[in-house]
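Participant: File work.cif below, mmCIF, C-alpha atoms:
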data_protein
#
loop_
_atom_site.label_atom_id
_atom_site.label_comp_id
_atom_site.auth_asym_id
_atom_site.auth_seq_id
_atom_site.Cartn_x
_atom_site.Cartn_y
_atom_site.Cartn_z
CA MET A 23 0.00 0.00 0.00
CA LYS A 24 1.40 3.37 -1.01
CA SER A 25 1.90 5.98 1.69
CA LYS A 26 -0.57 8.83 2.02
CA THR A 27 0.31 12.40 1.11
CA ARG A 28 0.66 14.40 4.32
CA TRP A 29 -1.18 17.72 4.25
CA GLY A 30 -0.81 20.76 6.47
CA ILE A 31 -3.16 23.74 6.65
CA ILE A 32 -2.09 27.37 7.01
CA GLY A 33 -4.94 29.54 8.27
CA PRO A 34 -7.77 27.53 9.88
CA GLY A 35 -10.73 29.66 8.76
CA LYS A 36 -14.07 28.76 7.17
CA ILE A 37 -12.62 27.77 3.79
CA ALA A 38 -10.02 25.62 5.52
CA GLN A 39 -12.79 23.84 7.44
CA ASN A 40 -14.55 22.93 4.19
CA PHE A 41 -11.24 21.85 2.72
CA ALA A 42 -10.39 19.71 5.74
CA ASN A 43 -13.78 17.98 5.63
CA ASP A 44 -13.19 17.08 2.00
CA LEU A 45 -9.59 16.04 2.52
CA MET A 46 -10.82 13.39 4.94
CA LEU A 47 -12.74 11.86 1.99
CA VAL A 48 -9.60 11.43 -0.12
CA GLU A 49 -8.11 7.98 0.44
CA ASP A 50 -4.47 8.82 -0.30
CA ALA A 51 -4.37 12.00 1.80
CA GLU A 52 -4.09 12.66 5.50
CA LEU A 53 -4.25 15.90 7.47
CA THR A 54 -1.21 15.95 9.71
CA ALA A 55 -0.65 19.59 10.70
CA VAL A 56 -2.27 22.99 11.15
CA ALA A 57 -0.69 26.37 11.85
CA SER A 58 -2.19 29.71 12.93
CA ARG A 59 -0.96 32.85 14.61
CA ASN A 60 -3.84 32.25 17.05
CA GLU A 61 -2.83 29.18 19.07
CA GLU A 62 -6.31 28.66 20.52
CA ARG A 63 -7.87 28.73 17.08
CA ALA A 64 -5.32 26.25 15.75
CA GLN A 65 -5.93 23.93 18.70
CA GLU A 66 -9.70 24.03 18.20
CA PHE A 67 -9.23 23.21 14.52
CA ALA A 68 -6.88 20.36 15.38
CA THR A 69 -9.34 18.93 17.88
CA THR A 70 -12.18 19.07 15.35
CA PHE A 71 -10.22 17.26 12.66
CA GLN A 72 -8.00 15.11 14.91
CA ILE A 73 -4.80 16.70 13.62
CA PRO A 74 -1.70 15.49 15.50
CA ASN A 75 0.60 18.49 14.95
CA VAL A 76 -0.41 22.02 15.98
CA PHE A 77 1.74 25.12 15.46
CA ASN A 78 1.28 28.71 16.64
CA SER A 79 3.99 29.75 14.18
CA TYR A 80 3.86 29.36 10.42
CA GLN A 81 7.62 29.04 10.23
CA ALA A 82 7.63 26.16 12.69
CA LEU A 83 5.39 24.20 10.32
CA PHE A 84 7.51 25.21 7.31
CA ASP A 85 10.67 23.99 9.01
CA GLY A 86 9.17 20.78 10.41
CA ASP A 87 8.89 17.39 8.75
CA VAL A 88 5.25 16.58 9.43
CA ALA A 89 3.67 17.62 6.10
CA ASP A 90 4.55 17.19 2.43
CA VAL A 91 2.22 19.80 0.97
CA LEU A 92 0.66 22.88 2.55
CA TYR A 93 -2.75 24.36 1.79
CA ILE A 94 -2.64 28.14 2.32
CA ALA A 95 -6.08 29.51 3.21
CA THR A 96 -5.25 32.93 4.64
CA PRO A 97 -6.57 36.27 3.27
CA HIS A 98 -5.18 37.21 -0.16
CA THR A 99 -2.57 39.62 1.12
CA PHE A 100 -0.62 36.90 2.93
CA HIS A 101 -0.48 34.40 0.05
CA LYS A 102 2.78 35.46 -1.53
CA ASP A 103 4.86 35.71 1.62
CA LEU A 104 3.61 32.47 3.17
CA ALA A 105 3.84 30.47 -0.07
CA ILE A 106 7.38 31.68 -0.73
CA ARG A 107 8.53 30.88 2.81
CA ALA A 108 6.94 27.44 2.59
CA MET A 109 8.53 26.69 -0.78
CA GLN A 110 11.93 27.92 0.35
CA ALA A 111 11.63 25.37 3.17
CA GLY A 112 11.03 22.66 0.57
CA LYS A 113 7.27 22.32 0.96
CA HIS A 114 4.85 21.81 -1.92
CA VAL A 115 2.04 24.39 -1.96
CA LEU A 116 -1.62 24.59 -2.88
CA CYS A 117 -2.53 28.24 -2.37
CA GLU A 118 -6.04 29.66 -2.34
CA LYS A 119 -7.09 31.90 -5.18
CA PRO A 120 -6.04 34.44 -6.16
CA LEU A 121 -2.54 32.98 -6.07
CA GLY A 122 -1.21 36.51 -5.60
CA ILE A 123 -2.60 40.05 -5.58
CA ASN A 124 -1.12 40.93 -8.97
CA THR A 125 1.03 39.59 -11.79
CA LYS A 126 4.24 40.69 -10.09
CA GLU A 127 3.45 38.60 -7.01
CA VAL A 128 2.35 35.53 -8.97
CA SER A 129 5.46 35.68 -11.16
CA GLU A 130 7.67 35.84 -8.08
CA MET A 131 5.89 32.86 -6.51
CA ILE A 132 6.32 30.74 -9.63
CA LYS A 133 10.00 31.72 -9.84
CA VAL A 134 10.56 30.55 -6.26
CA ALA A 135 8.70 27.28 -6.94
CA LYS A 136 11.01 26.53 -9.86
CA GLU A 137 14.14 27.54 -7.95
CA ASN A 138 13.24 25.17 -5.11
CA ASN A 139 11.95 22.36 -7.33
CA VAL A 140 8.58 22.19 -5.54
CA PHE A 141 4.99 21.89 -6.69
CA LEU A 142 2.84 25.04 -6.74
CA MET A 143 -0.79 25.36 -7.78
CA GLU A 144 -3.48 27.98 -7.38
CA ALA A 145 -6.45 26.43 -5.58
CA LEU A 146 -8.95 27.30 -8.27
CA TRP A 147 -11.17 24.38 -7.29
CA SER A 148 -13.77 25.08 -9.99
CA ARG A 149 -11.32 23.90 -12.66
CA PHE A 150 -11.57 20.40 -11.21
CA ASN A 151 -15.32 20.39 -10.57
CA PRO A 152 -16.96 17.45 -12.43
CA THR A 153 -19.53 19.73 -14.08
CA ILE A 154 -16.88 22.14 -15.38
CA GLN A 155 -14.75 19.19 -16.50
CA LYS A 156 -17.65 17.62 -18.41
CA VAL A 157 -18.73 20.86 -20.08
CA LYS A 158 -15.12 21.54 -21.13
CA LYS A 159 -14.93 18.07 -22.65
CA LEU A 160 -18.16 18.65 -24.60
CA THR A 161 -16.93 21.98 -25.96
CA ASP A 162 -13.52 20.53 -26.87
CA GLU A 163 -15.33 17.78 -28.77
CA GLY A 164 -17.32 20.38 -30.71
CA VAL A 165 -20.74 19.40 -29.34
CA LEU A 166 -21.70 23.09 -29.06
CA GLY A 167 -20.05 24.04 -32.35
CA ASP A 168 -17.92 27.18 -32.47
CA LEU A 169 -18.21 28.96 -29.14
CA LYS A 170 -19.64 32.47 -29.39
CA TYR A 171 -20.78 33.47 -25.91
CA VAL A 172 -20.05 32.99 -22.22
CA HIS A 173 -22.07 34.53 -19.45
CA ALA A 174 -21.26 34.16 -15.76
CA ASP A 175 -22.26 36.10 -12.67
CA PHE A 176 -21.45 35.67 -9.00
CA ALA A 177 -22.99 37.92 -6.37
CA PHE A 178 -24.23 37.96 -2.80
CA TYR A 179 -25.12 40.78 -0.43
CA ALA A 180 -22.23 41.64 1.88
CA LEU A 181 -22.55 45.38 2.56
CA ASP A 182 -23.94 44.70 6.03
CA ARG A 183 -20.53 43.38 7.10
CA PRO A 184 -17.99 45.52 9.00
CA LEU A 185 -15.80 47.68 6.77
CA ASP A 186 -12.71 45.99 8.22
CA SER A 187 -13.96 42.53 7.25
CA ARG A 188 -11.90 40.45 4.84
CA LEU A 189 -14.34 41.10 2.01
CA LEU A 190 -14.46 44.89 2.34
CA ASP A 191 -11.12 46.01 3.79
CA PRO A 192 -8.84 47.49 1.08
CA SER A 193 -5.77 46.67 3.19
CA LEU A 194 -6.73 42.99 2.83
CA ALA A 195 -7.33 43.33 -0.94
CA GLY A 196 -11.06 43.42 -0.31
CA GLY A 197 -13.65 43.82 -3.04
CA THR A 198 -15.53 41.48 -5.34
CA LEU A 199 -13.05 41.12 -8.17
CA LEU A 200 -10.32 39.04 -6.50
CA ASP A 201 -12.72 37.23 -4.20
CA ILE A 202 -15.65 36.16 -6.40
CA GLY A 203 -15.18 38.01 -9.71
CA ILE A 204 -12.23 35.72 -10.35
CA TYR A 205 -14.70 32.87 -11.01
CA PRO A 206 -16.55 34.47 -13.95
CA VAL A 207 -13.23 35.70 -15.38
CA PHE A 208 -11.79 32.20 -15.02
CA LEU A 209 -14.77 30.66 -16.82
CA ALA A 210 -14.49 33.00 -19.80
CA TYR A 211 -10.75 32.33 -20.03
CA LEU A 212 -11.25 28.56 -19.76
CA PHE A 213 -13.75 28.39 -22.62
CA LEU A 214 -12.80 31.32 -24.86
CA GLY A 215 -9.18 32.00 -23.99
CA LYS A 216 -7.56 35.38 -23.51
CA PRO A 217 -9.67 38.23 -24.94
CA LYS A 218 -8.31 40.78 -27.40
CA GLU A 219 -10.10 43.62 -25.60
CA ILE A 220 -11.61 44.18 -22.14
CA LYS A 221 -14.31 46.67 -21.23
CA ALA A 222 -15.28 47.06 -17.58
CA VAL A 223 -16.86 49.38 -15.01
CA SER A 224 -17.02 49.22 -11.22
CA ASN A 225 -18.92 50.78 -8.34
CA PHE A 226 -17.21 51.53 -5.01
CA ASN A 227 -18.28 52.03 -1.40
CA LYS A 228 -17.47 55.06 0.76
CA ILE A 229 -13.98 53.83 1.71
CA GLY A 230 -13.05 53.03 -1.88
CA THR A 231 -13.66 49.29 -1.93
CA GLU A 232 -14.88 47.91 -5.25
CA ILE A 233 -18.29 46.35 -4.57
CA GLN A 234 -19.77 45.77 -8.04
CA THR A 235 -18.11 45.11 -11.39
CA SER A 236 -19.40 44.42 -14.90
CA ILE A 237 -17.05 43.14 -17.60
CA ILE A 238 -17.17 42.44 -21.33
CA PHE A 239 -14.48 40.31 -22.93
CA GLN A 240 -14.26 40.91 -26.68
CA TYR A 241 -12.86 38.18 -28.96
CA ASP A 242 -12.54 38.07 -32.75
CA ASP A 243 -15.93 36.40 -33.09
CA ALA A 244 -17.19 35.87 -29.54
CA GLN A 245 -18.01 37.75 -26.36
CA ALA A 246 -18.18 37.08 -22.63
CA ILE A 247 -20.38 39.05 -20.25
CA LEU A 248 -19.29 38.78 -16.62
CA PHE A 249 -20.48 40.26 -13.32
CA SER A 250 -19.63 40.23 -9.61
CA SER A 251 -21.21 42.08 -6.71
CA PHE A 252 -21.48 42.44 -2.95
CA ALA A 253 -24.34 44.93 -3.38
CA ASN A 254 -26.95 42.37 -4.40
CA ASP A 255 -27.67 38.69 -4.81
CA SER A 256 -27.81 37.00 -8.22
CA LYS A 257 -28.53 33.65 -9.84
CA SER A 258 -24.77 32.97 -9.92
CA ASP A 259 -25.17 30.69 -12.89
CA ALA A 260 -23.39 30.46 -16.23
CA GLN A 261 -24.10 29.86 -19.91
CA ILE A 262 -21.77 28.72 -22.67
CA ALA A 263 -23.21 28.93 -26.18
CA GLY A 264 -22.00 27.99 -29.64
CA THR A 265 -23.24 27.59 -33.19
CA LYS A 266 -24.73 24.14 -32.52
CA GLY A 267 -25.98 24.34 -28.95
CA SER A 268 -25.54 25.69 -25.45
CA VAL A 269 -25.03 24.70 -21.84
CA SER A 270 -26.57 26.19 -18.72
CA ILE A 271 -24.51 25.52 -15.58
CA LYS A 272 -26.66 25.47 -12.48
CA HIS A 273 -26.43 27.74 -9.40
CA ARG A 274 -23.77 28.34 -8.14
CA PHE A 275 -21.78 27.65 -11.26
CA HIS A 276 -18.36 27.60 -9.56
CA GLU A 277 -19.41 24.63 -7.40
CA SER A 278 -22.21 23.28 -9.57
CA GLN A 279 -23.69 19.80 -9.25
CA GLY A 280 -24.84 19.56 -12.86
CA PHE A 281 -25.90 21.32 -16.05
CA THR A 282 -28.45 21.39 -18.85
CA LEU A 283 -27.38 20.71 -22.42
CA TYR A 284 -29.40 22.24 -25.27
CA VAL A 285 -28.77 20.72 -28.73
CA ASP A 286 -31.12 20.31 -31.73
CA GLU A 287 -33.96 22.03 -29.89
CA GLU A 288 -33.84 19.40 -27.16
CA SER A 289 -32.64 19.73 -23.58
CA LYS A 290 -30.96 17.18 -21.37
CA ASP A 291 -30.24 17.54 -17.65
CA LEU A 292 -27.05 15.98 -16.36
CA GLU A 293 -26.57 15.59 -12.62
CA LEU A 294 -22.95 15.46 -11.48
CA PRO A 295 -22.97 15.57 -7.68
CA THR A 296 -19.60 16.26 -6.08
CA ILE A 297 -17.89 14.15 -3.47
CA GLY A 298 -18.09 16.33 -0.39
CA LYS A 299 -18.30 20.03 -1.11
CA GLY A 300 -16.01 19.65 -4.11
CA TYR A 301 -12.49 20.34 -2.83
CA THR A 302 -11.77 16.62 -3.16
CA TYR A 303 -10.98 17.01 -6.86
CA GLU A 304 -8.22 19.58 -6.51
CA ILE A 305 -6.76 17.56 -3.62
CA ARG A 306 -6.70 14.48 -5.85
CA GLU A 307 -5.05 16.50 -8.60
CA VAL A 308 -2.26 17.66 -6.28
CA ASN A 309 -1.70 14.13 -4.96
CA LYS A 310 -1.59 12.78 -8.52
CA CYS A 311 0.91 15.44 -9.63
CA LEU A 312 3.16 14.73 -6.65
CA GLU A 313 3.02 10.99 -7.30
CA GLU A 314 4.07 11.65 -10.91
CA ASN A 315 6.79 14.10 -9.81
CA LYS A 316 5.11 17.00 -11.61
CA LEU A 317 5.78 20.53 -10.38
CA GLU A 318 2.60 21.97 -11.89
CA SER A 319 -0.79 20.73 -13.03
CA ASP A 320 -1.65 20.22 -16.68
CA LEU A 321 -5.25 21.28 -15.93
CA TRP A 322 -4.33 24.50 -14.13
CA SER A 323 -0.75 25.42 -14.91
CA HIS A 324 1.54 28.22 -13.79
CA GLN A 325 0.84 29.94 -17.12
CA ASP A 326 -2.90 29.71 -16.48
CA SER A 327 -2.44 31.49 -13.15
CA ILE A 328 -0.28 34.16 -14.81
CA THR A 329 -2.87 34.74 -17.54
CA LEU A 330 -5.75 34.88 -15.07
CA ILE A 331 -4.08 37.40 -12.78
CA SER A 332 -3.03 39.50 -15.79
CA LEU A 333 -6.69 39.72 -16.83
CA LEU A 334 -7.66 40.77 -13.31
CA ASP A 335 -4.83 43.33 -13.34
CA GLU A 336 -6.15 44.82 -16.58
CA ILE A 337 -9.68 45.06 -15.20
CA ARG A 338 -8.36 46.73 -12.06
CA SER A 339 -6.32 49.18 -14.12
CA LYS A 340 -9.30 50.14 -16.27
CA ASN A 341 -11.61 50.57 -13.28
CA GLY A 342 -9.26 52.22 -10.81
CA ILE A 343 -9.24 49.32 -8.36
CA SER A 344 -6.15 49.69 -6.16
CA PHE A 345 -4.96 48.66 -2.72
CA PRO A 346 -3.06 50.89 -0.25
CA PHE A 347 -0.15 48.44 0.15
CA GLU A 348 0.72 48.29 -3.55
CA ASP A 349 3.57 50.31 -5.07
#
Here is a file; write its structure as structure tokens.

Facilitator:
Amino acid sequence: MKSKTRWGIIGPGKIAQNFANDLMLVEDAELTAVASRNEERAQEFATTFQIPNVFNSYQALFDGDVADVLYIATPHTFHKDLAIRAMQAGKHVLCEKPLGINTKEVSEMIKVAKENNVFLMEALWSRFNPTIQKVKKLTDEGVLGDLKYVHADFAFYALDRPLDSRLLDPSLAGGTLLDIGIYPVFLAYLFLGKPKEIKAVSNFNKIGTEIQTSIIFQYDDAQAILFSSFANDSKSDAQIAGTKGSVSIKHRFHESQGFTLYVDEESKDLELPTIGKGYTYEIREVNKCLEENKLESDLWSHQDSITLISLLDEIRSKNGISFPFED
């Protein structure tokens, strides 16, 4: 029997709890360590998930030999520093999206991964979702014909939260674009590629946080219409349409459990329930890559992360979305 991949978690928040629940469903993975600057919080997390090694220092986990790969689930602004320190200590890294705040950060992280010969992947879990995988296969096979249109929106009301919350605090890279807008942008890139032109507008709250953004990606013969918001709720679904048919991905599209295929004036519902919440698939992908001695995933590569963050950078530049800690 092959040994299990040992996982450690950096930042035991809500996303990490969902991730840990799903990791327990993956046969060749085990959760062996957790680290937080808040020792009590780390201990509570360890008790919940029966984790044997608890650290109140990130560096102590980086320097230890109790985990092979680390899942970084802290707010965006800490991703680059923590990932780089982990990789310099020889640890493989799965880092929550966005991998970095901007292209400069992501490029530096990838450079460090290569220098230290370790695996690095952005935890864009939607790329590995069975629904997204199946729809991508159908489009690659030409079932929808030539793709002409992608629509995706992701929104929920969050303006009742404190202004210093993770979602709204500019010093934590708050705003919709990097937090939830990344999903619609990712979907358009996945199915249509990099656009030749981007048009976008944003609304901001009283402290300058971007809270609503609409985007059009223009291609030679296709368009994508994308939206994210904390000012309102939305269907948070997606459509991909071509010359022969279309697909409607069910709410919420980034973690969907199925889709409807429309071809030849007929519709067909396909149910694709996830194992757990859906983090299991990216965990499996990391384990598989490590077993095959790969330093990046073929499904979501370093270049994919660079392209995605460059698109987000361009949208931010056009709309005046900036953070106080940036140069």

Participant: Applied to the shown file, which residues does the PyMOL selection byres ((chain A and resi 87-100) around 9) return, written as an mmCIF file with C-alpha atoms, in the frame of the given file?

Facilitator:
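result14.cif, freshly written:
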data_model
loop_
_atom_site.group_PDB
_atom_site.id
_atom_site.type_symbol
_atom_site.label_atom_id
_atom_site.label_comp_id
_atom_site.auth_asym_id
_atom_site.auth_seq_id
_atom_site.Cartn_x
_atom_site.Cartn_y
_atom_site.Cartn_z
ATOM 1 C CA THR A 27 0.310 12.400 1.110
ATOM 2 C CA ARG A 28 0.660 14.400 4.320
ATOM 3 C CA TRP A 29 -1.180 17.720 4.250
ATOM 4 C CA GLY A 30 -0.810 20.760 6.470
ATOM 5 C CA ILE A 31 -3.160 23.740 6.650
ATOM 6 C CA ILE A 32 -2.090 27.370 7.010
ATOM 7 C CA GLY A 33 -4.940 29.540 8.270
ATOM 8 C CA PRO A 34 -7.770 27.530 9.880
ATOM 9 C CA GLY A 35 -10.730 29.660 8.760
ATOM 10 C CA LYS A 36 -14.070 28.760 7.170
ATOM 11 C CA ILE A 37 -12.620 27.770 3.790
ATOM 12 C CA ALA A 38 -10.020 25.620 5.520
ATOM 13 C CA PHE A 41 -11.240 21.850 2.720
ATOM 14 C CA LEU A 53 -4.250 15.900 7.470
ATOM 15 C CA THR A 54 -1.210 15.950 9.710
ATOM 16 C CA ALA A 55 -0.650 19.590 10.700
ATOM 17 C CA ASN A 75 0.600 18.490 14.950
ATOM 18 C CA LEU A 83 5.390 24.200 10.320
ATOM 19 C CA PHE A 84 7.510 25.210 7.310
ATOM 20 C CA ASP A 85 10.670 23.990 9.010
ATOM 21 C CA GLY A 86 9.170 20.780 10.410
ATOM 22 C CA HIS A 101 -0.480 34.400 0.050
ATOM 23 C CA LYS A 102 2.780 35.460 -1.530
ATOM 24 C CA ASP A 103 4.860 35.710 1.620
ATOM 25 C CA LEU A 104 3.610 32.470 3.170
ATOM 26 C CA ALA A 105 3.840 30.470 -0.070
ATOM 27 C CA ALA A 108 6.940 27.440 2.590
ATOM 28 C CA GLY A 112 11.030 22.660 0.570
ATOM 29 C CA LYS A 113 7.270 22.320 0.960
ATOM 30 C CA HIS A 114 4.850 21.810 -1.920
ATOM 31 C CA VAL A 115 2.040 24.390 -1.960
ATOM 32 C CA LEU A 116 -1.620 24.590 -2.880
ATOM 33 C CA CYS A 117 -2.530 28.240 -2.370
ATOM 34 C CA GLU A 118 -6.040 29.660 -2.340
ATOM 35 C CA LYS A 119 -7.090 31.900 -5.180
ATOM 36 C CA PRO A 120 -6.040 34.440 -6.160
ATOM 37 C CA LEU A 121 -2.540 32.980 -6.070
ATOM 38 C CA GLY A 122 -1.210 36.510 -5.600
ATOM 39 C CA ILE A 123 -2.600 40.050 -5.580
ATOM 40 C CA PHE A 141 4.990 21.890 -6.690
ATOM 41 C CA ALA A 145 -6.450 26.430 -5.580
ATOM 42 C CA ARG A 188 -11.900 40.450 4.840
ATOM 43 C CA SER A 193 -5.770 46.670 3.190
ATOM 44 C CA LEU A 194 -6.730 42.990 2.830
ATOM 45 C CA ALA A 195 -7.330 43.330 -0.940
ATOM 46 C CA GLY A 196 -11.060 43.420 -0.310
ATOM 47 C CA LEU A 200 -10.320 39.040 -6.500
ATOM 48 C CA ASP A 201 -12.720 37.230 -4.200
ATOM 49 C CA VAL A 308 -2.260 17.660 -6.280
#

Participant: Rank nothing, just name the residue among A:Ser323, A:Asn124, A:Asn341, A:Thr161 nearest to Glu232 of chain A, using all atoms listed in the file.

Facilitator: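 That would be A:Asn341, the residue with the smallest distance to Glu232 of chain A.
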
Participant: Using the chain letters and numbers from the file, give me the residues hit by the PyMOL selection byres ((chain A and resi 311) around 12), as a PyMOL selection string.

Facilitator: chain A and resi 27+91+114-116+140-143+304-310+312-323

Participant: Tell me, as a ChimeraX atom specification, which residues lie within 10 Å of Lys158 of chain A, counting all atoms listed in the file; anything in the same chain fewer than 6 positions away does not count.

Facilitator: /A:149,152,164,212-213,262

Participant: How would the residues just chosen look if you wrote them out with C-alpha atoms as a compact mmCIF listing (two decimals), keeping the file's coordinate frame?

Facilitator:
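The resulting file, out-v2.txt, is reproduced below:
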# COMPACT_ATOMS: atom_id res chain seq x y z
CA ARG A 149 -11.32 23.90 -12.66
CA PRO A 152 -16.96 17.45 -12.43
CA GLY A 164 -17.32 20.38 -30.71
CA LEU A 212 -11.25 28.56 -19.76
CA PHE A 213 -13.75 28.39 -22.62
CA ILE A 262 -21.77 28.72 -22.67

Participant: Give the answer as one residue: which of A:Phe77, A:Ser148, A:Leu47, A:Gln261 has the shortest atom-to-atom distance to Glu61 of chain A, using all atoms listed in the file?

Facilitator: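 Going through A:Phe77, A:Ser148, A:Leu47, A:Gln261 one by one, the smallest distance to Glu61 of chain A is for A:Phe77.
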
Participant: Kindly resolve the PyMOL selection byres ((chain A and resi 272) around 10) on the present coordinates and return the residues as a PyMOL selection string.

Facilitator: chain A and resi 153+257-261+269-271+273-282+293

Participant: Which residue gives the smallest distance to Lys228 of chain A among A:Leu209, A:Leu190, A:Ala64, A:Ala246, with all atoms listed in the file counted?

Facilitator: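 Ranked by minimum distance to Lys228 of chain A, first place goes to A:Leu190.
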
Participant: Do you have the atom CA of Thr231 of chain A-atom CA of Ile343 of chain A distance handy?

Facilitator: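 Distance between the two atoms: 7.8 Å.
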
Participant: For Arg338 of chain A, work out the shell of residues within 12 Å, counting only C-alpha atoms and skipping chain neighbours fewer than 4 positions away, then give it as a ChimeraX atom specification.

Facilitator: /A:123-125,195,197-200,203-204,220-225,231-232,235-237,331-334,342-345

Participant: Which residue, A:His324, A:Arg59, A:Ile337, A:Asp50, has the smallest gap to Ala135 of chain A when you use all atoms listed in the file?

Facilitator: A:His324

Participant: Between atom CA of Pro206 of chain A and atom CA of Ile297 of chain A, what is the distance, to one decimal in Å?

Facilitator: 22.9 Å

Participant: Would you fill out segment 321-341 of chain A with N, CA and C atoms and return it as a CSV table (one decimal), keeping the file's coordinate frame?

Facilitator:
chain,number,residue,atom,x,y,z
A,321,LEU,N,-3.9,20.7,-15.9
A,321,LEU,CA,-5.2,21.3,-15.9
A,321,LEU,C,-5.3,22.7,-15.5
A,322,TRP,N,-4.4,23.1,-14.5
A,322,TRP,CA,-4.3,24.5,-14.1
A,322,TRP,C,-2.9,24.8,-13.9
A,323,SER,N,-2.2,25.3,-14.9
A,323,SER,CA,-0.8,25.4,-14.9
A,323,SER,C,-0.3,26.8,-14.3
A,324,HIS,N,1.0,26.9,-14.2
A,324,HIS,CA,1.5,28.2,-13.8
A,324,HIS,C,1.1,29.3,-14.8
A,325,GLN,N,1.2,29.0,-16.1
A,325,GLN,CA,0.8,29.9,-17.1
A,325,GLN,C,-0.6,30.3,-17.0
A,326,ASP,N,-1.5,29.4,-16.7
A,326,ASP,CA,-2.9,29.7,-16.5
A,326,ASP,C,-3.1,30.7,-15.4
A,327,SER,N,-2.4,30.5,-14.3
A,327,SER,CA,-2.4,31.5,-13.2
A,327,SER,C,-1.9,32.9,-13.5
A,328,ILE,N,-0.8,32.9,-14.3
A,328,ILE,CA,-0.3,34.2,-14.8
A,328,ILE,C,-1.3,34.9,-15.7
A,329,THR,N,-1.9,34.1,-16.6
A,329,THR,CA,-2.9,34.7,-17.5
A,329,THR,C,-4.1,35.3,-16.8
A,330,LEU,N,-4.6,34.5,-15.8
A,330,LEU,CA,-5.8,34.9,-15.1
A,330,LEU,C,-5.5,36.2,-14.3
A,331,ILE,N,-4.4,36.2,-13.6
A,331,ILE,CA,-4.1,37.4,-12.8
A,331,ILE,C,-3.8,38.6,-13.7
A,332,SER,N,-3.3,38.4,-14.9
A,332,SER,CA,-3.0,39.5,-15.8
A,332,SER,C,-4.4,40.1,-16.3
A,333,LEU,N,-5.4,39.2,-16.5
A,333,LEU,CA,-6.7,39.7,-16.8
A,333,LEU,C,-7.3,40.5,-15.7
A,334,LEU,N,-7.1,40.0,-14.5
A,334,LEU,CA,-7.7,40.8,-13.3
A,334,LEU,C,-6.9,42.1,-13.1
A,335,ASP,N,-5.6,42.1,-13.4
A,335,ASP,CA,-4.8,43.3,-13.3
A,335,ASP,C,-5.4,44.4,-14.3
A,336,GLU,N,-5.7,43.9,-15.5
A,336,GLU,CA,-6.2,44.8,-16.6
A,336,GLU,C,-7.5,45.4,-16.2
A,337,ILE,N,-8.4,44.6,-15.7
A,337,ILE,CA,-9.7,45.1,-15.2
A,337,ILE,C,-9.5,46.1,-14.1
A,338,ARG,N,-8.6,45.8,-13.2
A,338,ARG,CA,-8.4,46.7,-12.1
A,338,ARG,C,-7.8,48.0,-12.6
A,339,SER,N,-6.9,48.0,-13.6
A,339,SER,CA,-6.3,49.2,-14.1
A,339,SER,C,-7.4,50.0,-14.8
A,340,LYS,N,-8.2,49.4,-15.6
A,340,LYS,CA,-9.3,50.1,-16.3
A,340,LYS,C,-10.3,50.8,-15.3
A,341,ASN,N,-10.5,50.1,-14.2
A,341,ASN,CA,-11.6,50.6,-13.3
A,341,ASN,C,-11.1,51.3,-12.1
